[in-house]
Every structure is written in structure tokens, then in C-alpha cells.
>>> print(open('protein-v4.csv').read())   # CSV, C-alpha atoms
chain,number,residue,atom,x,y,z
A,1,MET,CA,0.0,0.0,0.0
A,2,GLU,CA,2.8,2.4,0.9
A,3,SER,CA,4.5,1.8,-2.5
A,4,GLN,CA,1.2,2.3,-4.2
A,5,ASN,CA,0.7,5.6,-2.4
A,6,LYS,CA,4.2,6.7,-3.5
A,7,GLU,CA,3.4,5.8,-7.1
A,8,VAL,CA,0.2,7.9,-7.0
A,9,ASP,CA,1.9,10.8,-5.3
A,10,ALA,CA,4.7,10.8,-7.9
A,11,LEU,CA,2.2,10.7,-10.7
A,12,VAL,CA,0.1,13.5,-9.3
A,13,GLN,CA,3.2,15.6,-8.8
A,14,LYS,CA,4.2,15.0,-12.4
A,15,ILE,CA,0.7,15.8,-13.7
A,16,THR,CA,0.6,19.0,-11.6
A,17,GLY,CA,3.9,20.1,-13.0
A,18,LEU,CA,2.8,19.5,-16.6
A,19,HIS,CA,-0.5,21.3,-15.9
A,20,ALA,CA,1.4,24.3,-14.7
A,21,ALA,CA,3.7,24.3,-17.8
A,22,ILE,CA,0.7,23.9,-20.2
A,23,SER,CA,-1.1,26.7,-18.4
A,24,LYS,CA,1.8,29.1,-19.2
A,25,LEU,CA,1.8,28.4,-22.9
A,26,PRO,CA,1.0,31.4,-25.0
A,27,SER,CA,-1.0,29.3,-27.4
A,28,LEU,CA,-2.2,25.7,-27.6
A,29,SER,CA,-2.0,25.5,-31.4
A,30,PRO,CA,0.3,22.7,-32.6
A,31,CYS,CA,4.0,23.5,-32.3
A,32,PRO,CA,7.1,21.8,-30.8
A,33,ASP,CA,6.5,23.1,-27.3
A,34,VAL,CA,2.8,22.2,-27.2
A,35,ASN,CA,3.5,18.8,-28.8
A,36,ALA,CA,6.2,17.9,-26.3
A,37,LEU,CA,4.2,18.8,-23.2
A,38,PHE,CA,1.0,17.0,-24.4
A,39,THR,CA,3.1,14.0,-25.4
A,40,ASP,CA,4.5,13.9,-21.9
A,41,LEU,CA,1.0,14.2,-20.4
A,42,VAL,CA,-0.5,11.4,-22.5
A,43,THR,CA,2.5,9.1,-22.0
A,44,ALA,CA,2.2,9.6,-18.2
A,45,CYS,CA,-1.6,9.0,-18.1
A,46,VAL,CA,-2.1,6.1,-20.5
A,47,PRO,CA,-0.4,3.2,-18.6
A,48,PRO,CA,-2.5,1.4,-16.0
A,49,SER,CA,-2.3,3.2,-12.7
A,50,PRO,CA,-3.8,2.8,-9.2
A,51,VAL,CA,-4.8,6.5,-9.1
A,52,ASP,CA,-8.4,7.3,-8.7
A,53,VAL,CA,-8.8,10.9,-9.8
A,54,THR,CA,-12.2,11.2,-8.2
A,55,LYS,CA,-10.8,10.6,-4.7
A,56,LEU,CA,-7.8,12.8,-4.8
A,57,GLY,CA,-7.4,15.8,-2.5
A,58,PRO,CA,-7.2,19.5,-3.2
A,59,GLU,CA,-4.9,19.0,-6.1
A,60,ALA,CA,-7.7,17.3,-8.0
A,61,GLN,CA,-9.7,20.5,-7.9
A,62,LYS,CA,-7.4,21.7,-10.7
A,63,MET,CA,-8.1,18.8,-12.9
A,64,PRO,CA,-11.2,20.2,-14.7
A,65,SER,CA,-9.1,23.1,-15.9
A,66,LEU,CA,-6.5,20.6,-17.2
A,67,ILE,CA,-9.2,18.7,-19.1
A,68,ARG,CA,-10.4,22.0,-20.6
A,69,LEU,CA,-6.9,22.8,-21.7
A,70,CYS,CA,-6.7,19.3,-23.2
A,71,SER,CA,-10.0,19.9,-25.0
A,72,GLU,CA,-8.8,23.2,-26.4
A,73,ALA,CA,-5.5,21.7,-27.6
A,74,GLU,CA,-7.3,18.7,-29.1
A,75,GLY,CA,-9.7,21.0,-31.0
A,76,LYS,CA,-6.8,23.0,-32.4
A,77,LEU,CA,-4.9,19.8,-33.3
A,78,GLU,CA,-7.9,18.4,-35.1
A,79,ALA,CA,-8.6,21.6,-37.0
A,80,HIS,CA,-5.0,21.7,-38.1
A,81,TYR,CA,-5.1,18.2,-39.5
A,82,SER,CA,-8.6,18.6,-41.0
A,83,ASP,CA,-7.3,21.5,-43.0
A,84,MET,CA,-4.3,19.5,-44.1
A,85,LEU,CA,-6.5,16.5,-45.2
A,86,ALA,CA,-8.9,18.8,-47.0
A,87,ALA,CA,-6.1,19.7,-49.4
A,88,PHE,CA,-6.1,16.2,-50.9
A,89,ASP,CA,-8.3,15.1,-53.7
A,90,ASN,CA,-9.7,12.4,-51.5
A,91,PRO,CA,-9.0,13.2,-47.8
A,92,LEU,CA,-10.3,9.9,-46.6
A,93,ASP,CA,-7.3,8.2,-48.3
A,94,HIS,CA,-4.9,10.0,-45.9
A,95,LEU,CA,-6.5,9.8,-42.5
A,96,GLY,CA,-3.5,7.9,-41.2
A,97,MET,CA,-1.6,11.2,-41.1
A,98,PHE,CA,-3.4,12.0,-37.9
A,99,PRO,CA,-1.2,10.7,-35.0
A,100,TYR,CA,-4.1,9.2,-33.0
A,101,TYR,CA,-6.1,7.7,-35.9
A,102,SER,CA,-5.5,4.1,-34.9
A,103,ASN,CA,-6.9,4.9,-31.5
A,104,TYR,CA,-10.2,5.9,-33.1
A,105,ILE,CA,-10.2,2.7,-35.2
A,106,ASN,CA,-9.8,0.6,-32.1
A,107,LEU,CA,-12.2,2.6,-30.0
A,108,SER,CA,-15.0,2.5,-32.6
A,109,LYS,CA,-14.5,-1.2,-33.0
A,110,LEU,CA,-14.7,-1.7,-29.3
A,111,GLU,CA,-17.9,0.4,-29.1
A,112,TYR,CA,-19.5,-1.5,-32.0
A,113,GLU,CA,-18.7,-4.9,-30.5
A,114,LEU,CA,-20.0,-3.9,-27.0
A,115,LEU,CA,-23.2,-2.7,-28.6
A,116,ALA,CA,-23.6,-5.9,-30.5
A,117,ARG,CA,-22.9,-8.0,-27.4
A,118,TYR,CA,-24.9,-6.1,-24.7
A,119,VAL,CA,-27.8,-4.4,-26.4
A,120,PRO,CA,-30.8,-6.8,-26.4
A,121,GLY,CA,-31.4,-8.1,-29.9
A,122,GLY,CA,-28.1,-6.7,-31.2
A,123,ILE,CA,-27.9,-3.6,-33.3
A,124,ALA,CA,-28.8,-2.7,-36.8
A,125,PRO,CA,-29.5,1.0,-36.5
A,126,ALA,CA,-31.1,3.0,-39.2
A,127,ARG,CA,-30.0,6.4,-37.8
A,128,VAL,CA,-27.2,7.3,-35.4
A,129,ALA,CA,-26.4,10.6,-33.8
A,130,PHE,CA,-22.9,11.5,-32.7
A,131,ILE,CA,-22.9,14.4,-30.2
A,132,GLY,CA,-19.6,16.4,-30.3
A,133,SER,CA,-18.2,15.2,-33.6
A,134,GLY,CA,-15.7,18.0,-34.1
A,135,PRO,CA,-13.6,18.9,-37.2
A,136,LEU,CA,-12.3,15.3,-37.6
A,137,PRO,CA,-15.3,13.0,-37.2
A,138,PHE,CA,-13.2,9.8,-37.2
A,139,SER,CA,-15.6,7.8,-35.1
A,140,SER,CA,-18.6,8.3,-37.4
A,141,PHE,CA,-16.3,7.6,-40.4
A,142,VAL,CA,-15.0,4.3,-38.9
A,143,LEU,CA,-18.4,3.2,-37.8
A,144,ALA,CA,-20.0,4.0,-41.2
A,145,ALA,CA,-17.2,2.6,-43.3
A,146,ARG,CA,-16.3,-0.5,-41.3
A,147,HIS,CA,-19.2,-1.5,-39.1
A,148,LEU,CA,-22.6,0.1,-40.1
A,149,PRO,CA,-22.6,0.3,-43.9
A,150,ASP,CA,-26.4,1.0,-44.1
A,151,THR,CA,-26.7,3.5,-41.3
A,152,MET,CA,-27.3,7.3,-41.6
A,153,PHE,CA,-25.2,9.4,-39.3
A,154,ASP,CA,-26.1,12.9,-38.0
A,155,ASN,CA,-23.1,14.6,-36.5
A,156,TYR,CA,-23.7,17.5,-34.0
A,157,ASP,CA,-21.2,20.0,-32.9
A,158,LEU,CA,-21.4,23.5,-31.3
A,159,CYS,CA,-18.9,24.9,-33.7
A,160,GLY,CA,-20.0,25.7,-37.2
A,161,ALA,CA,-16.4,26.0,-38.4
A,162,ALA,CA,-15.8,22.4,-37.1
A,163,ASN,CA,-18.8,21.2,-39.1
A,164,ASP,CA,-17.6,23.0,-42.2
A,165,ARG,CA,-14.2,21.4,-42.0
A,166,ALA,CA,-15.7,17.9,-41.3
A,167,SER,CA,-18.1,18.0,-44.2
A,168,LYS,CA,-15.2,18.7,-46.7
A,169,LEU,CA,-13.5,15.4,-45.8
A,170,PHE,CA,-16.3,13.3,-47.4
A,171,ARG,CA,-16.7,15.2,-50.7
A,172,ALA,CA,-15.0,12.5,-52.8
A,173,ASP,CA,-17.0,9.5,-51.4
A,174,LYS,CA,-20.5,9.5,-52.7
A,175,ASP,CA,-21.8,6.8,-50.3
A,176,LEU,CA,-20.4,8.3,-47.2
A,177,SER,CA,-21.2,11.8,-48.1
A,178,ALA,CA,-24.8,10.7,-48.6
A,179,ARG,CA,-24.9,9.1,-45.2
A,180,MET,CA,-23.2,11.9,-43.3
A,181,SER,CA,-25.0,15.0,-42.1
A,182,PHE,CA,-23.5,17.8,-40.0
A,183,HIS,CA,-25.5,20.1,-37.7
A,184,THR,CA,-24.4,23.1,-35.7
A,185,ALA,CA,-26.4,22.8,-32.4
A,186,ASP,CA,-26.1,22.6,-28.7
A,187,VAL,CA,-27.3,19.3,-27.4
A,188,ALA,CA,-29.5,21.2,-24.9
A,189,ASP,CA,-31.4,22.6,-27.8
A,190,LEU,CA,-32.1,19.1,-29.3
A,191,ALA,CA,-35.5,17.6,-28.3
A,192,GLY,CA,-37.9,15.8,-30.6
A,193,GLU,CA,-35.1,15.0,-33.1
A,194,LEU,CA,-33.4,12.8,-30.5
A,195,ALA,CA,-36.3,10.4,-30.7
A,196,ALA,CA,-35.4,9.5,-34.2
A,197,TYR,CA,-32.1,7.8,-33.3
A,198,ASP,CA,-31.5,4.1,-32.6
A,199,VAL,CA,-28.1,4.9,-31.1
A,200,VAL,CA,-26.6,8.1,-29.7
A,201,PHE,CA,-22.9,8.5,-29.1
A,202,LEU,CA,-21.8,11.1,-26.5
A,203,ALA,CA,-18.2,12.3,-27.1
A,204,ALA,CA,-15.9,12.4,-24.1
A,205,LEU,CA,-15.5,16.2,-24.0
A,206,VAL,CA,-19.2,17.1,-24.2
A,207,GLY,CA,-19.8,18.2,-20.6
A,208,MET,CA,-16.4,18.4,-19.0
A,209,ALA,CA,-17.4,18.8,-15.3
A,210,ALA,CA,-19.4,16.0,-13.6
A,211,GLU,CA,-22.5,18.2,-13.2
A,212,GLU,CA,-22.4,19.3,-16.9
A,213,LYS,CA,-22.1,15.7,-18.0
A,214,ALA,CA,-25.0,14.6,-15.8
A,215,LYS,CA,-27.2,17.4,-17.1
A,216,VAL,CA,-26.5,16.4,-20.7
A,217,ILE,CA,-27.3,12.7,-20.0
A,218,ALA,CA,-30.5,13.6,-18.2
A,219,HIS,CA,-31.5,15.7,-21.3
A,220,LEU,CA,-30.8,12.8,-23.6
A,221,GLY,CA,-32.8,10.5,-21.3
A,222,ALA,CA,-35.8,12.9,-21.4
A,223,HIS,CA,-35.9,12.9,-25.2
A,224,MET,CA,-34.5,9.7,-26.7
A,225,ALA,CA,-36.8,6.9,-27.7
A,226,ASP,CA,-37.5,4.1,-25.4
A,227,GLY,CA,-35.1,1.2,-26.0
A,228,ALA,CA,-32.6,3.4,-27.9
A,229,ALA,CA,-28.9,2.8,-27.0
A,230,LEU,CA,-26.6,5.4,-25.6
A,231,VAL,CA,-22.8,5.1,-25.8
A,232,VAL,CA,-20.9,7.3,-23.3
A,233,ARG,CA,-17.2,7.8,-23.4
A,234,SER,CA,-15.5,8.1,-20.1
A,235,ALA,CA,-12.1,7.5,-18.5
A,236,HIS,CA,-10.5,5.4,-15.8
A,237,GLY,CA,-7.4,5.6,-13.6
A,238,ALA,CA,-4.9,8.3,-14.6
A,239,ARG,CA,-6.7,8.7,-17.9
A,240,GLY,CA,-9.1,10.8,-15.8
A,241,PHE,CA,-6.6,13.6,-16.0
A,242,LEU,CA,-7.2,13.7,-19.8
A,243,TYR,CA,-11.0,13.1,-20.0
A,244,PRO,CA,-13.9,13.4,-17.7
A,245,ILE,CA,-14.8,10.4,-15.6
A,246,VAL,CA,-18.5,9.5,-15.9
A,247,ASP,CA,-20.3,7.9,-13.0
A,248,PRO,CA,-22.6,5.2,-14.2
A,249,GLU,CA,-25.0,6.2,-11.5
A,250,ASP,CA,-25.5,9.5,-13.3
A,251,ILE,CA,-26.4,7.6,-16.4
A,252,GLY,CA,-28.9,5.6,-14.4
A,253,ARG,CA,-30.4,8.7,-12.8
A,254,GLY,CA,-30.7,10.2,-16.3
A,255,GLY,CA,-33.2,7.5,-17.3
A,256,PHE,CA,-31.0,4.7,-18.7
A,257,GLU,CA,-30.4,1.1,-17.8
A,258,VAL,CA,-26.6,0.7,-17.8
A,259,LEU,CA,-25.7,-2.5,-19.6
A,260,ALA,CA,-21.9,-2.6,-19.5
A,261,VAL,CA,-18.8,-0.6,-18.5
A,262,CYS,CA,-15.5,-1.3,-20.2
A,263,HIS,CA,-12.1,0.1,-19.1
A,264,PRO,CA,-9.5,-0.8,-21.8
A,265,ASP,CA,-5.9,-1.1,-20.7
A,266,ASP,CA,-4.3,-0.8,-24.1
A,267,ASP,CA,-3.9,2.2,-26.4
A,268,VAL,CA,-7.6,2.9,-26.4
A,269,VAL,CA,-7.7,5.8,-24.0
A,270,ASN,CA,-11.4,6.2,-23.3
A,271,SER,CA,-13.6,3.9,-21.3
A,272,VAL,CA,-16.9,3.0,-22.8
A,273,ILE,CA,-20.3,2.8,-21.1
A,274,ILE,CA,-23.2,1.1,-22.9
A,275,ALA,CA,-26.7,2.0,-21.8
A,276,ARG,CA,-30.3,1.6,-22.9
A,277,LYS,CA,-33.1,4.2,-22.6
A,278,SER,CA,-35.5,3.0,-20.0
A,279,ASP,CA,-39.3,3.0,-20.4
A,280,GLY,CA,-41.4,5.6,-18.7
A,281,VAL,CA,-39.1,8.6,-18.6
A,282,HIS,CA,-40.9,11.9,-18.9
A,283,ALA,CA,-39.7,15.1,-20.5
A,284,ASP,CA,-38.5,16.3,-17.1
A,285,GLY,CA,-36.1,13.3,-16.9
A,286,LEU,CA,-38.0,11.7,-14.0
A,287,GLN,CA,-38.7,8.0,-14.0
A,288,ASN,CA,-42.1,6.5,-12.9
A,289,GLY,CA,-40.9,5.8,-9.4
A,290,ARG,CA,-38.1,3.6,-10.5
A,291,GLY,CA,-34.8,3.8,-8.8
A,292,GLN,CA,-31.6,3.9,-10.7
A,293,TYR,CA,-30.6,0.3,-10.1
A,294,ALA,CA,-34.0,-1.2,-10.4
A,295,ARG,CA,-32.6,-3.7,-12.9
A,296,GLY,CA,-29.3,-4.3,-11.1
A,297,THR,CA,-25.8,-2.9,-11.2
A,298,ALA,CA,-24.1,-2.9,-14.6
A,299,PRO,CA,-21.1,-5.2,-15.0
A,300,VAL,CA,-17.6,-3.9,-15.6
A,301,VAL,CA,-16.6,-6.0,-18.6
A,302,SER,CA,-13.4,-6.8,-20.5
A,303,PRO,CA,-13.1,-5.7,-24.2
A,304,PRO,CA,-14.6,-8.3,-26.5
A,305,CYS,CA,-11.3,-8.6,-28.3
A,306,ARG,CA,-7.7,-7.5,-27.6
A,307,PHE,CA,-7.0,-5.8,-30.9
A,308,GLY,CA,-4.6,-8.4,-32.1
A,309,GLU,CA,-1.1,-7.4,-31.3
A,310,MET,CA,-2.1,-4.6,-28.8
A,311,VAL,CA,-0.6,-6.2,-25.7
A,312,GLY,CA,1.7,-5.2,-23.0
A,313,ASP,CA,4.8,-4.5,-25.1
A,314,LYS,CA,2.8,-2.1,-27.3
A,315,ARG,CA,2.3,0.2,-24.2
A,316,ASP,CA,6.1,0.4,-23.9
A,317,GLU,CA,6.3,1.2,-27.6
A,318,PHE,CA,3.7,3.9,-27.2
A,319,ALA,CA,5.5,5.4,-24.3
A,320,ASN,CA,8.6,5.8,-26.3
A,321,ALA,CA,6.9,7.1,-29.5
A,322,GLU,CA,7.0,10.6,-30.8
A,323,VAL,CA,3.4,11.6,-30.7
A,324,ALA,CA,2.3,14.9,-32.1
A,325,PHE,CA,-0.5,16.7,-30.2
>>> encode(input="protein-v4.csv", output="C-alpha cells")
Amino acid sequence: MESQNKEVDALVQKITGLHAAISKLPSLSPCPDVNALFTDLVTACVPPSPVDVTKLGPEAQKMPSLIRLCSEAEGKLEAHYSDMLAAFDNPLDHLGMFPYYSNYINLSKLEYELLARYVPGGIAPARVAFIGSGPLPFSSFVLAARHLPDTMFDNYDLCGAANDRASKLFRADKDLSARMSFHTADVADLAGELAAYDVVFLAALVGMAAEEKAKVIAHLGAHMADGAALVVRSAHGARGFLYPIVDPEDIGRGGFEVLAVCHPDDDVVNSVIIARKSDGVHADGLQNGRGQYARGTAPVVSPPCRFGEMVGDKRDEFANAEVAF
């Protein structure tokens, strides 16, 4: 226990130092200094760790601001690469230029396989919504191209410029451009349209504080169709310094039955929570007298597959890699 506490203390000290250095940067646009600091941050947070960010002391109070810095930097990085990709005749042929593209391939595969395994009756969605798609909608692309070839995708983002960038990436592919729509909207302003979706994906950085995330989930629970699936991206361990940790209880309180919680321990950074819209949830988000765990606590499950060669030695390789952020 003492050695574990020392490991946690050392990690928190390192993250605190990186947070301070990142906070002093004049800009978070991609450049050598920004890339180096965020590479150090990701490398420190990705390996399995005993740290529980939700139970840390006063130093944890600074973590939401670190997550917001990560969000801003990620947005600038994605915009930078989206502009680079748009210069090609067919941008989709060059997606591998993005340094984290393989993570999106594996994350989307994991999400699809979890949906297929845990949603009653499996999934064959006619329409999917992705909330928080950004200027590089890799998740929607991978799901549409590799896993859901007949599904229509509606991508929502607060930023009109992000949607403009994203839509340009599909211009050379008639099938995907016909199945991809982009909408500039706040999720809080979506209501009746949410009932049209069989599956809704909630990006990790939509609602960065716990109360913000819980409010978004409750809104989805008030307006999604009964039986529709919700995929929520979360974080676990030290990865909670990078992305918000979502409490499954907040999902249950939002009107959903939580079916499975998965915490990958490889290069897939996000945890995944699979839930199903419960019956009898009113527009105010209140259930008909049903408690959150009326149907039992959701299991924490292992990934359905291990992504082939993605095993322990790949983590060492990742830690030593030059990753642009």
C-alpha cells in the first residue's frame, strides 16, 4: 500500500507540473513546445495506474481546468489536421496522417462490439447521432465505413467551423457523403429530433465537469426513444486527467439502464459505457418511481477482443513514441 501511495503521489506531482507548464503556454496550437508537453502528459496518463482521480485531495480541484486545456488543444490539433487533409483530392485516403487515428479505429471497433454484445437483440441502427463530432469525425467515419454500412449518421457540434471542416472530408466519397450530415447545435437545444435515433454516441468532451455531463445525460434521457442505445465515453485511472470520468449512477439517474462498463488497458484511452433508454421517462427526466438500479448494477466487462497485437509491449512502444499533439 505504501509503495502504491508513493506511485500515486509521484504521478500527481508529475501531472501537476505538466498542468502548470501547459497553463503558461501562450497558445495551444500545434507547435514543438505544445506537442512535447502533451506527449509527456499522454504518456504519463495512459499506462495502468492505481490512481483514482475522483478521490484525490485539493490538487484534484485543478483537474477540470487541465481537461479544458486538453479539450482546447485537441480541438486545435484536429482543426490543423482537418485543413491538411482537405487539401487532398480524397481526404479519406490520408486519414492515417493523424497521429491518433489508430486509437479511433480501435475505439470505434470496441464500441460496436460492445453494442452488439450487450444491447438486447443486437444492433442494426437506421439512424445514429454523434454528439460532439468535431472537425475530424473519425468515429462516425470508422463506424460508417467498417461496421454500419447501411446507417445514416447525424453529427452534431457546437462549432459551425468544425462542421464545415468535417463535411469537406467526405466530398470524394458518394456513399459516405450521402450518409453523413453535419448540424451546428447545442445538445441542450435538441429535443424531438433525438427520438429518431436508434443509437446516440456522446463524445468524451461534451460536458467536462461532472454536473455538466450529468445534465447532458438527463436531457438525452428525457428525449431519446424508449429502447434506444446510448454510448458514453468516459475515463479510468490516470486517464481521468485527460478526459472526464462519468459515474454510471449519473447515467442511471438520467433515465437509462446501464448495460456494461468497459475500461480498456491498451492504447484505447477512453472507457466506454453502454446504456439503454428505460421506459417511462418523462420530458423532465424523471422515471415513474423507479430507482436507478431497479434492474441491477451494470457489470464492468473486458473488451470483446484484444485488438490483435495490442498487448503489454505495445504500451512500452507507445510510451517511447514521438506523438504529435
>>> atom_distance(input="protein-v4.csv", atom1="CA of Ala185 in chain A", atom2="CA of His223 in chain A")
15.5 Å
>>> atom_distance(input="protein-v4.csv", atom1="CA of Gly221 in chain A", atom2="CA of Ile273 in chain A")
14.7 Å
>>> atom_distance(input="protein-v4.csv", atom1="CA of Val42 in chain A", atom2="CA of Ala235 in chain A")
12.9 Å
>>> residues_around(input="protein-v4.csv", residues="Pro120 in chain A", least_positions_apart="6", cutoff="10 Å", atoms="only C-alpha atoms", output="number ranges by chain")
A: 227, 229, 259, 276
>>> residues_around(input="protein-v4.csv", residues="Pro50 in chain A", least_positions_apart="3", cutoff="8 Å", atoms="all atoms listed in the file", output="PDB file with C-alpha atoms, in the frame of the given file")
ATOM      1  CA  GLN A   4       1.200   2.300  -4.200  1.00  0.00           C
ATOM      2  CA  VAL A   8       0.200   7.900  -7.000  1.00  0.00           C
ATOM      3  CA  GLY A 237      -7.400   5.600 -13.600  1.00  0.00           C
ATOM      4  CA  ALA A 238      -4.900   8.300 -14.600  1.00  0.00           C
TER       5      ALA A 238
END
>>> residues_around(input="protein-v4.csv", residues="Asp150 in chain A", least_positions_apart="3", cutoff="9 Å", atoms="only C-alpha atoms", output="MDAnalysis selection string")
chainID A and resid 124:126 144 179
>>> closest_residue(input="protein-v4.csv", among="A:Glu211, A:Asp83, A:Glu72, A:Asp40", to="Ala166 in chain A", atoms="all atoms listed in the file")
A:Asp83
>>> closest_residue(input="protein-v4.csv", among="A:Val142, A:Phe130, A:Ile15, A:Ala188", to="Leu176 in chain A", atoms="all atoms listed in the file")
A:Val142
>>> closest_residue(input="protein-v4.csv", among="A:Ala191, A:Cys70, A:Ser49, A:Pro64", to="Lys6 in chain A", atoms="all atoms listed in the file")
A:Ser49
